[in-house]
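Notes for the one structure printed next.
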Amino acid sequence: MKKYRFIINTAAILAAAVMLASCGGNKEGNIKESEAKGSIVSSEIKEENTSAVTEKTEIPEALGGPVAFYGELKTDGNRIIGSKSGDPVRVNGMSFFWSNWSQKYYTAGYVDLMAEDFGCEILRFPYGIDDNGVPYDESDIERLDTVIEAAINKGLYVIIDWHSHGAHKNPGKAAEFFGRMAEKYGSYDNIIFEIYNEPKDVQWKDIRAYAETIIPVIREYSDNLIVVGTPNWSQEVTAAAKTPVEGENIAYALHFYAGTHKEWLRDYGDKALKAGVPLFVTEWGSVSSDGNGDIDRASTEEWLRWLDDNGLSGCVWAVNDKDESSSIFIMNDIISDTGEFIKGIIRERTDKAPWRE
């Protein structure tokens, strides 16, 4: 097993964070809790790790799944490859909803459902943060632990998402959170850190400064992939491409909703890729950007062709039953029309993935 050593003064980083903040038909889901049997998440994960040296945790190939096959995701130019396969990797899956407004879904049972019924290779767990960078409900961290560990035990990739539109206003809190998560889970090849969901009314220079505060905290424990949000709801990837964050294994978020975003946003993506930066579509939808409207099937197909052509990974919004078109459930865990549509898209790709052969 490989060891990663990072000599970092965490106290200095947190102090810098404070300074930065001061500046400007019907199918019912079969929901059941996972059994502990076969768990690869060590019980020691719940104990404090006093060492800043993190050993990689081996994912047994017998577990199966995408992580055992591809390994840790790594950037290579404008592509993301698997550390084991050495080939470009594209994984498909679902994003859960804001943790504070959808707590009932943050269980091992729903992780199982997404893996087994929807065929997900990756799950995104958004920790709900307000526009001032403050968590809505810090008790959600326990629920995050539950679903992260369940997904690891299913052999899936996991995005730990600081789900805020104003994260740069409180970098100290984000640094505290990602320090905990990196120390606890950073040794697992499954883990991806998304440090800023969708910056709103924030210039790239401020997002970049925020990222330069948070990334070293993660790197104290983990070399895993980090995804940085981009201006204007993670759409202006061209801004990040002009002056990317320095460091290794960093990608940039591109978000789209097929009912709202058309060829112009794909053009942004093309320019960023041409400039040499890797992209990760950590959130997308088949409806309008407000979460409502009809499924735009034609636009979704255009986006899917673009994702396929460029080998980009993505997570669909959202595992929830809120009364809006983007939800994949309606009451009593009946799969919505959107849910059936998205399930078909994911399964079409993941059922023939290389790791299933």
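Letters for chains follow the order of the structure tokens (A, B, ...), residue numbers begin at 1 for each chain, and ligand numbers begin at 1 in the order shown.
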
Inset, instruction - Taking the DSSP assignment computed from this structure's backbone, write out as a PyMOL selection string all residues of stretch 200-289 of chain A that belong to alpha helix (DSSP H). - result: chain A and resi 204-219+231-234+237-242+263-275

Legend entry - All residues 9 Å or closer to A:Ala209, only C-alpha atoms, same chain fewer than 3 positions away omitted, as an NGL selection string: :A and (20 or 168 or 204-206 or 212-214 or 245)

Using only C-alpha atoms, which residues of stretch 225-264 of chain A come within 9 Å of stretch 280-295 of chain A, and what is the closest atom pair for each, with the distance in Å to one decimal? Give it as CSV, sorted by chain and residue number.
residue,atom,partner,partner_atom,distance
A:Val227,CA,A:Phe280,CA,7.2
A:Ala251,CA,A:Phe280,CA,6.5
A:Tyr252,CA,A:Phe280,CA,6.0
A:Ala253,CA,A:Phe280,CA,5.2
A:Leu254,CA,A:Val281,CA,4.9
A:His255,CA,A:Glu283,CA,5.2
A:Phe256,CA,A:Trp284,CA,4.9
A:Tyr257,CA,A:Gly285,CA,4.5
A:Ala258,CA,A:Ser286,CA,4.9
A:Gly259,CA,A:Ser288,CA,4.2
A:Thr260,CA,A:Ser288,CA,5.1
A:His261,CA,A:Ser289,CA,8.0

Restricting the output to all heavy atoms, write the selected residues as a CSV table (one decimal), in the first residue's frame.
chain,number,residue,atom,x,y,z
A,227,VAL,N,-13.2,18.3,-6.8
A,227,VAL,CA,-14.0,19.0,-7.8
A,227,VAL,C,-14.3,20.4,-7.3
A,227,VAL,O,-14.8,20.6,-6.2
A,227,VAL,CB,-15.3,18.3,-8.2
A,227,VAL,CG1,-16.0,19.1,-9.3
A,227,VAL,CG2,-15.0,16.9,-8.7
A,251,ALA,N,-10.4,18.8,-10.7
A,251,ALA,CA,-11.3,18.9,-11.8
A,251,ALA,C,-12.3,20.0,-11.5
A,251,ALA,O,-12.3,20.6,-10.4
A,251,ALA,CB,-12.1,17.6,-12.1
A,252,TYR,N,-13.1,20.4,-12.5
A,252,TYR,CA,-14.0,21.5,-12.4
A,252,TYR,C,-15.5,21.1,-12.7
A,252,TYR,O,-15.7,20.4,-13.6
A,252,TYR,CB,-13.5,22.7,-13.3
A,252,TYR,CG,-12.2,23.1,-12.9
A,252,TYR,CD1,-11.0,22.5,-13.4
A,252,TYR,CD2,-12.0,24.0,-11.8
A,252,TYR,CE1,-9.7,22.8,-13.0
A,252,TYR,CE2,-10.7,24.4,-11.4
A,252,TYR,CZ,-9.6,23.8,-12.0
A,252,TYR,OH,-8.3,24.1,-11.5
A,253,ALA,N,-16.4,21.7,-11.9
A,253,ALA,CA,-17.8,21.3,-12.0
A,253,ALA,C,-18.5,22.0,-13.2
A,253,ALA,O,-18.3,23.3,-13.3
A,253,ALA,CB,-18.5,21.6,-10.7
A,254,LEU,N,-19.2,21.3,-14.0
A,254,LEU,CA,-20.1,21.8,-15.0
A,254,LEU,C,-21.5,21.3,-14.7
A,254,LEU,O,-21.7,20.0,-14.7
A,254,LEU,CB,-19.7,21.4,-16.4
A,254,LEU,CG,-20.6,21.8,-17.5
A,254,LEU,CD1,-20.7,23.3,-17.7
A,254,LEU,CD2,-20.2,21.2,-18.9
A,255,HIS,N,-22.5,22.1,-14.5
A,255,HIS,CA,-23.8,21.7,-14.2
A,255,HIS,C,-24.8,22.2,-15.3
A,255,HIS,O,-24.6,23.3,-15.9
A,255,HIS,CB,-24.3,22.3,-12.9
A,255,HIS,CG,-23.7,21.8,-11.7
A,255,HIS,ND1,-24.0,22.2,-10.4
A,255,HIS,CD2,-22.7,20.9,-11.5
A,255,HIS,CE1,-23.2,21.6,-9.5
A,255,HIS,NE2,-22.4,20.7,-10.2
A,256,PHE,N,-25.7,21.3,-15.7
A,256,PHE,CA,-26.7,21.7,-16.7
A,256,PHE,C,-28.0,21.1,-16.4
A,256,PHE,O,-28.2,20.1,-15.8
A,256,PHE,CB,-26.2,21.3,-18.1
A,256,PHE,CG,-26.3,19.8,-18.4
A,256,PHE,CD1,-27.5,19.2,-18.8
A,256,PHE,CD2,-25.2,19.0,-18.2
A,256,PHE,CE1,-27.6,17.9,-19.1
A,256,PHE,CE2,-25.3,17.6,-18.5
A,256,PHE,CZ,-26.5,17.1,-18.9
A,257,TYR,N,-29.1,21.8,-16.9
A,257,TYR,CA,-30.4,21.3,-16.9
A,257,TYR,C,-30.9,21.4,-18.4
A,257,TYR,O,-31.0,22.5,-18.9
A,257,TYR,CB,-31.3,22.1,-15.9
A,257,TYR,CG,-31.1,21.6,-14.5
A,257,TYR,CD1,-30.0,22.1,-13.8
A,257,TYR,CD2,-31.9,20.6,-13.9
A,257,TYR,CE1,-29.7,21.6,-12.5
A,257,TYR,CE2,-31.6,20.2,-12.7
A,257,TYR,CZ,-30.5,20.7,-12.0
A,257,TYR,OH,-30.2,20.2,-10.7
A,258,ALA,N,-31.3,20.3,-18.9
A,258,ALA,CA,-31.6,20.2,-20.4
A,258,ALA,C,-32.7,21.1,-20.8
A,258,ALA,O,-32.7,21.6,-22.0
A,258,ALA,CB,-31.9,18.8,-20.7
A,259,GLY,N,-33.7,21.4,-20.0
A,259,GLY,CA,-34.8,22.3,-20.3
A,259,GLY,C,-34.4,23.7,-20.5
A,259,GLY,O,-35.1,24.5,-21.1
A,260,THR,N,-33.2,24.1,-19.9
A,260,THR,CA,-32.8,25.5,-19.8
A,260,THR,C,-31.5,25.7,-20.6
A,260,THR,O,-31.4,26.7,-21.4
A,260,THR,CB,-32.5,26.0,-18.4
A,260,THR,OG1,-33.7,25.8,-17.6
A,260,THR,CG2,-32.1,27.4,-18.3
A,261,HIS,N,-30.5,24.8,-20.5
A,261,HIS,CA,-29.2,25.0,-21.0
A,261,HIS,C,-29.0,24.2,-22.3
A,261,HIS,O,-29.3,23.0,-22.4
A,261,HIS,CB,-28.2,24.6,-20.0
A,261,HIS,CG,-28.3,25.2,-18.7
A,261,HIS,ND1,-28.6,24.5,-17.5
A,261,HIS,CD2,-28.3,26.6,-18.3
A,261,HIS,CE1,-28.7,25.4,-16.5
A,261,HIS,NE2,-28.5,26.6,-17.0

Inset, instruction - Would you mind listing what lies within 8 Å of A:Gly65 as a list in words, with only C-alpha atoms counted and same-chain residues fewer than 4 positions away left out? - result: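 Listing them by chain and then by number gives Phe69, Glu121, Lys154, Gly155, Leu156, Trp355 and Arg356 of chain A.
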
Output the selection as a short mmCIF file (atom, residue, chain, number, x, y, z; two decimals), in the first residue's frame - N, CA and C atoms for each residue.
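Full text of out_19.cif as output:
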data_model
loop_
_atom_site.label_atom_id
_atom_site.label_comp_id
_atom_site.auth_asym_id
_atom_site.auth_seq_id
_atom_site.Cartn_x
_atom_site.Cartn_y
_atom_site.Cartn_z
N PHE A 69 -12.74 -2.07 -9.98
CA PHE A 69 -12.25 -2.25 -11.35
C PHE A 69 -11.35 -1.09 -11.79
N GLU A 121 -23.34 3.90 -10.55
CA GLU A 121 -21.92 3.64 -10.27
C GLU A 121 -21.35 4.68 -9.30
N LYS A 154 -20.86 -0.87 -1.10
CA LYS A 154 -21.45 -1.33 -2.36
C LYS A 154 -20.46 -1.23 -3.51
N GLY A 155 -19.27 -0.70 -3.24
CA GLY A 155 -18.26 -0.57 -4.30
C GLY A 155 -18.49 0.60 -5.22
N LEU A 156 -19.21 1.65 -4.76
CA LEU A 156 -19.55 2.80 -5.59
C LEU A 156 -18.61 3.97 -5.34
N TRP A 355 -16.60 -2.79 -16.24
CA TRP A 355 -16.43 -3.53 -14.98
C TRP A 355 -17.45 -4.64 -14.80
N ARG A 356 -18.51 -4.64 -15.60
CA ARG A 356 -19.52 -5.70 -15.51
C ARG A 356 -19.16 -6.92 -16.35
#

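For the pair atom CA of A:Asp145 and atom CA of A:Lys56, the interatomic distance is 18.7 Å.
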
Legend entry - For atom CA of A:Met94 and atom CA of A:Ile346, the interatomic separation in Å (one decimal): 8.7 Å

Legend entry - Neighbour list for A:His165 as a ChimeraX atom specification, cut-off 7 Å, only C-alpha atoms, skip fewer than 4 positions in-chain: /A:131,197-200

Can you write just those residues out, C-alpha atoms, as a CSV table (one decimal), in the first residue's frame?
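Just written: selection.csv:
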chain,number,residue,atom,x,y,z
A,131,ASP,CA,-25.8,31.1,1.4
A,197,ASN,CA,-21.5,23.2,-5.3
A,198,GLU,CA,-22.7,26.2,-7.3
A,199,PRO,CA,-21.1,29.6,-6.7
A,200,LYS,CA,-23.7,32.3,-7.2

Tell me which protein, DNA and RNA residues are within 12 Å of A:Gln103, counting only C-alpha atoms, leaving out same-chain ones fewer than 5 positions away, and put them as a CSV table (one decimal) with all heavy atoms, in the first residue's frame.
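Generated output (around_28.csv):
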chain,number,residue,atom,x,y,z
A,96,PHE,N,-28.2,12.8,-4.5
A,96,PHE,CA,-29.3,12.9,-3.5
A,96,PHE,C,-29.7,14.4,-3.4
A,96,PHE,O,-29.1,15.3,-4.1
A,96,PHE,CB,-28.8,12.4,-2.2
A,96,PHE,CG,-28.9,10.9,-2.0
A,96,PHE,CD1,-28.4,10.1,-3.0
A,96,PHE,CD2,-29.5,10.4,-0.9
A,96,PHE,CE1,-28.4,8.7,-2.9
A,96,PHE,CE2,-29.6,9.0,-0.8
A,96,PHE,CZ,-29.1,8.2,-1.8
A,97,PHE,N,-30.7,14.8,-2.7
A,97,PHE,CA,-31.2,16.1,-2.5
A,97,PHE,C,-30.5,16.7,-1.3
A,97,PHE,O,-29.7,16.1,-0.5
A,97,PHE,CB,-32.7,16.1,-2.3
A,97,PHE,CG,-33.4,17.4,-2.5
A,97,PHE,CD1,-33.6,18.0,-3.8
A,97,PHE,CD2,-33.9,18.1,-1.4
A,97,PHE,CE1,-34.2,19.2,-4.0
A,97,PHE,CE2,-34.6,19.3,-1.6
A,97,PHE,CZ,-34.7,19.9,-2.9
A,98,TRP,N,-30.6,18.1,-1.1
A,98,TRP,CA,-30.1,18.7,0.1
A,98,TRP,C,-30.3,17.9,1.4
A,98,TRP,O,-31.5,17.5,1.6
A,98,TRP,CB,-30.8,20.1,0.3
A,98,TRP,CG,-30.6,21.1,-0.7
A,98,TRP,CD1,-31.2,21.1,-2.0
A,98,TRP,CD2,-29.8,22.3,-0.7
A,98,TRP,NE1,-30.9,22.2,-2.7
A,98,TRP,CE2,-30.0,23.0,-1.9
A,98,TRP,CE3,-29.0,22.9,0.3
A,98,TRP,CZ2,-29.4,24.2,-2.2
A,98,TRP,CZ3,-28.4,24.1,0.0
A,98,TRP,CH2,-28.6,24.7,-1.2
A,110,TYR,N,-31.6,3.3,0.8
A,110,TYR,CA,-31.7,4.1,-0.5
A,110,TYR,C,-30.5,4.0,-1.3
A,110,TYR,O,-30.5,4.0,-2.5
A,110,TYR,CB,-32.1,5.5,-0.2
A,110,TYR,CG,-33.6,5.6,0.1
A,110,TYR,CD1,-34.1,5.8,1.4
A,110,TYR,CD2,-34.6,5.6,-1.0
A,110,TYR,CE1,-35.4,5.9,1.7
A,110,TYR,CE2,-35.9,5.6,-0.7
A,110,TYR,CZ,-36.3,5.8,0.6
A,110,TYR,OH,-37.7,5.9,0.9
A,125,PHE,N,-23.7,13.1,-2.4
A,125,PHE,CA,-24.4,13.4,-1.1
A,125,PHE,C,-24.2,14.8,-0.8
A,125,PHE,O,-23.1,15.2,-0.3
A,125,PHE,CB,-23.9,12.5,0.0
A,125,PHE,CG,-24.1,11.0,-0.3
A,125,PHE,CD1,-23.0,10.1,-0.2
A,125,PHE,CD2,-25.3,10.5,-0.6
A,125,PHE,CE1,-23.2,8.8,-0.5
A,125,PHE,CE2,-25.5,9.1,-0.9
A,125,PHE,CZ,-24.4,8.3,-0.8
A,126,PRO,N,-25.2,15.7,-1.0
A,126,PRO,CA,-25.1,17.1,-0.8
A,126,PRO,C,-25.4,17.5,0.7
A,126,PRO,O,-26.5,17.3,1.2
A,126,PRO,CB,-26.1,17.7,-1.7
A,126,PRO,CG,-26.6,16.6,-2.6
A,126,PRO,CD,-26.4,15.4,-1.8
A,127,TYR,N,-24.4,17.9,1.4
A,127,TYR,CA,-24.5,18.4,2.8
A,127,TYR,C,-25.1,19.8,2.7
A,127,TYR,O,-24.4,20.7,2.1
A,127,TYR,CB,-23.2,18.4,3.5
A,127,TYR,CG,-23.2,18.8,4.9
A,127,TYR,CD1,-24.2,18.6,5.8
A,127,TYR,CD2,-22.0,19.4,5.4
A,127,TYR,CE1,-24.2,19.0,7.1
A,127,TYR,CE2,-22.0,19.8,6.8
A,127,TYR,CZ,-23.0,19.6,7.6
A,127,TYR,OH,-23.0,20.0,8.9
A,128,GLY,N,-26.3,20.1,3.2
A,128,GLY,CA,-27.0,21.3,3.0
A,128,GLY,C,-26.3,22.5,3.7
A,128,GLY,O,-26.2,22.5,5.0
A,136,TYR,N,-27.1,23.9,7.5
A,136,TYR,CA,-28.4,24.0,8.0
A,136,TYR,C,-28.7,23.2,9.2
A,136,TYR,O,-29.4,23.6,10.1
A,136,TYR,CB,-29.4,23.6,6.9
A,136,TYR,CG,-29.7,24.7,5.8
A,136,TYR,CD1,-29.2,24.5,4.5
A,136,TYR,CD2,-30.4,25.8,6.1
A,136,TYR,CE1,-29.4,25.5,3.6
A,136,TYR,CE2,-30.7,26.8,5.1
A,136,TYR,CZ,-30.1,26.6,3.9
A,136,TYR,OH,-30.4,27.6,2.9
A,137,ASP,N,-28.1,22.0,9.2
A,137,ASP,CA,-28.4,21.0,10.3
A,137,ASP,C,-27.1,20.1,10.5
A,137,ASP,O,-26.9,19.2,9.7
A,137,ASP,CB,-29.6,20.2,10.0
A,137,ASP,CG,-30.0,19.3,11.2
A,137,ASP,OD1,-29.2,19.1,12.1
A,137,ASP,OD2,-31.1,18.7,11.1
A,138,GLU,N,-26.3,20.4,11.5
A,138,GLU,CA,-25.0,19.7,11.6
A,138,GLU,C,-25.3,18.3,12.0
A,138,GLU,O,-24.3,17.4,11.9
A,138,GLU,CB,-24.1,20.4,12.6
A,138,GLU,CG,-23.7,21.8,12.1
A,138,GLU,CD,-22.4,22.3,12.8
A,138,GLU,OE1,-21.8,21.5,13.6
A,138,GLU,OE2,-22.1,23.5,12.7
A,139,SER,N,-26.4,17.9,12.5
A,139,SER,CA,-26.7,16.5,12.8
A,139,SER,C,-26.7,15.7,11.5
A,139,SER,O,-26.7,14.4,11.6
A,139,SER,CB,-28.0,16.3,13.5
A,139,SER,OG,-29.1,16.6,12.7
A,140,ASP,N,-26.8,16.3,10.3
A,140,ASP,CA,-26.8,15.6,9.1
A,140,ASP,C,-25.5,14.9,8.8
A,140,ASP,O,-25.4,14.0,8.0
A,140,ASP,CB,-27.0,16.6,7.9
A,140,ASP,CG,-28.5,16.9,7.8
A,140,ASP,OD1,-29.4,16.3,8.4
A,140,ASP,OD2,-28.8,17.9,7.0
A,141,ILE,N,-24.4,15.3,9.5
A,141,ILE,CA,-23.1,14.6,9.3
A,141,ILE,C,-23.2,13.2,9.7
A,141,ILE,O,-22.6,12.3,9.0
A,141,ILE,CB,-22.0,15.3,10.2
A,141,ILE,CG1,-21.7,16.7,9.6
A,141,ILE,CG2,-20.8,14.5,10.2
A,141,ILE,CD1,-20.6,17.5,10.3
A,142,GLU,N,-24.0,12.8,10.7
A,142,GLU,CA,-24.2,11.4,11.0
A,142,GLU,C,-24.9,10.7,9.9
A,142,GLU,O,-24.6,9.5,9.6
A,142,GLU,CB,-25.0,11.3,12.3
A,142,GLU,CG,-24.3,11.8,13.6
A,142,GLU,CD,-25.1,11.7,14.8
A,142,GLU,OE1,-26.2,11.1,14.8
A,142,GLU,OE2,-24.7,12.2,15.9
A,143,ARG,N,-25.9,11.3,9.3
A,143,ARG,CA,-26.5,10.7,8.1
A,143,ARG,C,-25.6,10.6,6.9
A,143,ARG,O,-25.7,9.6,6.2
A,143,ARG,CB,-27.8,11.5,7.8
A,143,ARG,CG,-29.0,11.3,8.7
A,143,ARG,CD,-30.1,12.2,8.5
A,143,ARG,NE,-30.0,13.5,9.1
A,143,ARG,CZ,-30.3,13.7,10.4
A,143,ARG,NH1,-30.9,12.8,11.1
A,143,ARG,NH2,-30.2,14.9,10.9
A,144,LEU,N,-24.7,11.6,6.8
A,144,LEU,CA,-23.7,11.5,5.7
A,144,LEU,C,-22.8,10.3,5.9
A,144,LEU,O,-22.5,9.5,5.0
A,144,LEU,CB,-22.9,12.8,5.6
A,144,LEU,CG,-23.5,14.0,5.0
A,144,LEU,CD1,-22.6,15.2,5.2
A,144,LEU,CD2,-23.8,13.8,3.5
A,146,THR,N,-23.5,7.6,7.4
A,146,THR,CA,-24.3,6.3,7.1
A,146,THR,C,-24.3,6.0,5.6
A,146,THR,O,-24.0,4.9,5.2
A,146,THR,CB,-25.7,6.5,7.6
A,146,THR,OG1,-25.8,6.6,9.0
A,146,THR,CG2,-26.6,5.3,7.1
A,147,VAL,N,-24.6,7.0,4.7
A,147,VAL,CA,-24.7,6.8,3.3
A,147,VAL,C,-23.3,6.6,2.7
A,147,VAL,O,-23.2,5.8,1.7
A,147,VAL,CB,-25.6,7.8,2.6
A,147,VAL,CG1,-27.0,7.7,3.0
A,147,VAL,CG2,-25.1,9.2,2.8
A,319,VAL,N,-32.5,12.5,-5.8
A,319,VAL,CA,-33.2,11.4,-5.1
A,319,VAL,C,-34.0,12.1,-4.0
A,319,VAL,O,-33.5,12.5,-2.9
A,319,VAL,CB,-32.1,10.5,-4.4
A,319,VAL,CG1,-32.8,9.4,-3.6
A,319,VAL,CG2,-31.2,9.9,-5.5
A,320,ASN,N,-35.3,12.3,-4.4
A,320,ASN,CA,-36.2,13.0,-3.5
A,320,ASN,C,-37.6,12.8,-4.0
A,320,ASN,O,-37.9,12.3,-5.1
A,320,ASN,CB,-35.8,14.5,-3.5
A,320,ASN,CG,-36.4,15.2,-2.3
A,320,ASN,OD1,-36.6,14.7,-1.2
A,320,ASN,ND2,-36.7,16.5,-2.4
A,321,ASP,N,-38.6,13.3,-3.1
A,321,ASP,CA,-40.0,13.2,-3.5
A,321,ASP,C,-40.6,14.6,-3.4
A,321,ASP,O,-41.9,14.7,-3.3
A,321,ASP,CB,-40.8,12.2,-2.7
A,321,ASP,CG,-40.8,12.5,-1.2
A,321,ASP,OD1,-40.1,13.6,-0.8
A,321,ASP,OD2,-41.4,11.8,-0.4

Inset, instruction - Point out the residue among A:Tyr70, A:Phe329, A:Trp101, A:Tyr106 with the least atom-to-atom distance to A:Asp87, counting only C-alpha atoms. - result: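 Under the stated criterion, the closest residue is A:Tyr70.
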
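The residue set within 8 Å of A:Thr350, counting only C-alpha atoms and dropping same-chain residues fewer than 3 places from it, reads Val91, Asn92, Gly119, Cys120, Glu121, Ile346, Arg347 and Ala353 of chain A.
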
Please produce a file of the residues just selected, as an mmCIF file, in the first residue's frame, where the atoms kept are N, CA, C and O atoms.
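Output below, filename again.cif:
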data_model
loop_
_atom_site.group_PDB
_atom_site.id
_atom_site.type_symbol
_atom_site.label_atom_id
_atom_site.label_comp_id
_atom_site.auth_asym_id
_atom_site.auth_seq_id
_atom_site.Cartn_x
_atom_site.Cartn_y
_atom_site.Cartn_z
ATOM 1 N N VAL A 91 -18.372 7.446 -15.277
ATOM 2 C CA VAL A 91 -19.331 6.769 -14.398
ATOM 3 C C VAL A 91 -20.606 7.598 -14.335
ATOM 4 O O VAL A 91 -20.599 8.817 -14.484
ATOM 5 N N ASN A 92 -21.720 6.895 -14.109
ATOM 6 C CA ASN A 92 -23.042 7.521 -14.131
ATOM 7 C C ASN A 92 -23.804 7.188 -12.856
ATOM 8 O O ASN A 92 -23.728 6.062 -12.362
ATOM 9 N N GLY A 119 -28.938 1.096 -11.025
ATOM 10 C CA GLY A 119 -27.657 0.760 -11.648
ATOM 11 C C GLY A 119 -26.578 1.807 -11.477
ATOM 12 O O GLY A 119 -25.634 1.875 -12.274
ATOM 13 N N CYS A 120 -26.673 2.614 -10.442
ATOM 14 C CA CYS A 120 -25.714 3.706 -10.251
ATOM 15 C C CYS A 120 -24.302 3.195 -9.973
ATOM 16 O O CYS A 120 -24.109 2.239 -9.223
ATOM 17 N N GLU A 121 -23.338 3.900 -10.546
ATOM 18 C CA GLU A 121 -21.923 3.641 -10.266
ATOM 19 C C GLU A 121 -21.354 4.678 -9.297
ATOM 20 O O GLU A 121 -20.279 4.479 -8.729
ATOM 21 N N ILE A 346 -29.431 5.785 -17.078
ATOM 22 C CA ILE A 346 -28.301 5.268 -16.297
ATOM 23 C C ILE A 346 -28.059 3.799 -16.617
ATOM 24 O O ILE A 346 -26.917 3.385 -16.885
ATOM 25 N N ARG A 347 -29.114 3.011 -16.616
ATOM 26 C CA ARG A 347 -28.947 1.565 -16.844
ATOM 27 C C ARG A 347 -28.439 1.281 -18.251
ATOM 28 O O ARG A 347 -27.661 0.340 -18.452
ATOM 29 N N ALA A 353 -21.120 -1.383 -18.848
ATOM 30 C CA ALA A 353 -19.834 -0.839 -18.413
ATOM 31 C C ALA A 353 -18.766 -1.931 -18.378
ATOM 32 O O ALA A 353 -19.066 -3.096 -18.109
#

Inset, instruction - Could you jot down the atom CA of A:Asp351 to atom CA of A:Ile191 separation for me, Å, one decimal place? - result: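 Atom CA of A:Asp351 sits 22.1 Å away from atom CA of A:Ile191.
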